[in-house]
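Remarks on the structure that follows.
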Amino acid sequence: MDLIVQRRIKQVIKGDQNAFGEIVELYKDKVYQICFRMLWDRHEAEDAAQETFLKAFLNIHTYNQSKKFSTWLYRIATNLCIDKIRKKKPDYHLDEEIAGTEGLNMYSHLASGGQLPEEEVESLEVQASIHDAILMLPEKYRSVIVLKYIEELPLQEIADILELPLGTVKTRVHRGREALRKHLRHL
């Protein structure tokens, strides 16, 4: 896949806009997932994903082709989301419905006989608690927690995406986990 992407990038640099459409098709789902997991709002995540691809297209000439394209693209997405988080005034209400939960509740798509209704409600409550705890983290911890535990990226790739030393990423993962543990000790 990397060879295909590298070939398409060269075509984009030469002026072939259709080649960039193929790149978007390859990465659109993963970029959206990263944005959604950081912003927890479907519409904001869609906007951030579109903005990511626009910024990547406009700055494709700055991409270092000796590095992984996905890392460069995910860094753009992560930085855009961090900017959005910083600009957004926090307004957390524990009794408010969580935006975008339609996509998180997969139990409603299963045939009956799976979980008991009480277990399903308990699972949703745990998900909501985890979601709220992640939202309460400072953005520097939230980004590494999302990339490590939700996107399941290796620490070195997280360091590349966030342009941080590996030791700093390890420290932030540890401190983010500790902060989550404090928020979730009642579970």
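Letters A, B, ... mark the chains of the structure tokens in the order given; residue numbers begin at 1 per chain; ligand numbers begin at 1, in order shown.
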
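Omitting A:Tyr63 and its sequence neighbours fewer than 2 positions away, and counting only C-alpha atoms, the residues within 12 Å are A:Gln6, A:Ile9, A:Lys10, A:Val12, A:Ile13, A:Lys55, A:Ala56, A:Phe57, A:Leu58, A:Asn59, A:Ile60, A:His61, A:Gln65, A:Ser66, A:Lys67, A:Lys68, A:Phe69, A:Ser70, A:Thr71, A:Trp72, A:Leu73, A:Arg75, A:Ile76.
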
- line: One decimal place gives the atom CA of A:Leu124-atom CA of A:Glu151 separation as 20.0 Å

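If only C-alpha atoms are the atoms counted, then among A:His174, A:Gln33, A:Pro138, A:Asn64 the closest residue to A:Arg86 is A:Pro138.
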
Shell of 8 Å around A:Val169, only C-alpha atoms, local chain residues under 2 positions omitted, as a VMD selection string: chain A and resid 144 155 158 to 159 164 to 167 171 to 173

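Across the structure, atom CA of A:Glu46 and atom CA of A:Leu180 are spaced 26.5 Å apart.
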
When you look at stretch 182-185 of chain A with a cut-off of 9 Å (counting only C-alpha atoms), what residues show up, excluding the ones that are within fewer than 4 positions of it in the same chain? I need them as a short mmCIF file (atom, residue, chain, number, x, y, z; two decimals) with N, CA, C and O atoms, in the first residue's frame.
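Result file is result_1.cif:
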data_model
loop_
_atom_site.label_atom_id
_atom_site.label_comp_id
_atom_site.auth_asym_id
_atom_site.auth_seq_id
_atom_site.Cartn_x
_atom_site.Cartn_y
_atom_site.Cartn_z
N SER A 129 -19.11 6.91 31.46
CA SER A 129 -18.17 7.35 32.49
C SER A 129 -16.76 7.48 31.94
O SER A 129 -16.05 8.44 32.22
N ILE A 130 -16.35 6.50 31.15
CA ILE A 130 -15.01 6.54 30.53
C ILE A 130 -14.92 7.72 29.58
O ILE A 130 -13.94 8.46 29.58
N ASP A 132 -16.64 10.53 29.68
CA ASP A 132 -16.57 11.77 30.48
C ASP A 132 -15.18 11.96 31.08
O ASP A 132 -14.66 13.07 31.11
N ALA A 133 -14.59 10.86 31.55
CA ALA A 133 -13.26 10.95 32.16
C ALA A 133 -12.22 11.35 31.12
O ALA A 133 -11.33 12.16 31.40
N ILE A 134 -12.32 10.81 29.92
CA ILE A 134 -11.39 11.19 28.84
C ILE A 134 -11.56 12.67 28.49
O ILE A 134 -10.59 13.38 28.29
N MET A 136 -12.40 15.00 30.46
CA MET A 136 -11.89 15.84 31.55
C MET A 136 -10.36 15.92 31.55
O MET A 136 -9.79 16.77 32.24
N ARG A 177 -3.12 7.82 32.22
CA ARG A 177 -3.74 6.64 32.84
C ARG A 177 -4.03 6.89 34.31
O ARG A 177 -5.10 6.51 34.82
N GLU A 178 -3.08 7.51 35.00
CA GLU A 178 -3.28 7.81 36.43
C GLU A 178 -4.45 8.77 36.62
O GLU A 178 -5.26 8.60 37.53
#

query: Taking only C-alpha atoms into account, which of A:Ala49, A:Leu162, A:Ala19, A:Val146 comes nearest A:Asn79?
result: A:Leu162

message: I need the alpha helix (DSSP H) residues of chain A per DSSP on the backbone, written as JSON, numbers by chain.
response: {"A": [2, 3, 4, 5, 6, 7, 8, 9, 10, 11, 12, 13, 17, 18, 19, 20, 21, 22, 23, 24, 25, 26, 27, 28, 29, 30, 31, 32, 33, 34, 35, 36, 37, 38, 39, 42, 43, 44, 45, 46, 47, 48, 49, 50, 51, 52, 53, 54, 55, 56, 57, 58, 69, 70, 71, 72, 73, 74, 75, 76, 77, 78, 79, 80, 81, 82, 83, 84, 85, 86, 87, 117, 118, 119, 120, 121, 122, 123, 124, 125, 126, 127, 128, 129, 130, 131, 132, 133, 134, 135, 136, 139, 140, 141, 142, 143, 144, 145, 155, 156, 157, 158, 159, 160, 161, 162, 166, 167, 168, 169, 170, 171, 172, 173, 174, 175, 176, 177, 178, 179, 180, 181, 182, 183]}

- prompt: How many Å lie between atom CA of A:Leu137 and atom CA of A:Gln50, rounded to one decimal?
  reply: 25.4 Å

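The protein and nucleic acid residues lying at most 10 Å from A:Arg175 are Tyr141, Ile145, Val169 and Arg181 of chain A, with only C-alpha atoms considered and sequence neighbours fewer than 6 positions away removed.
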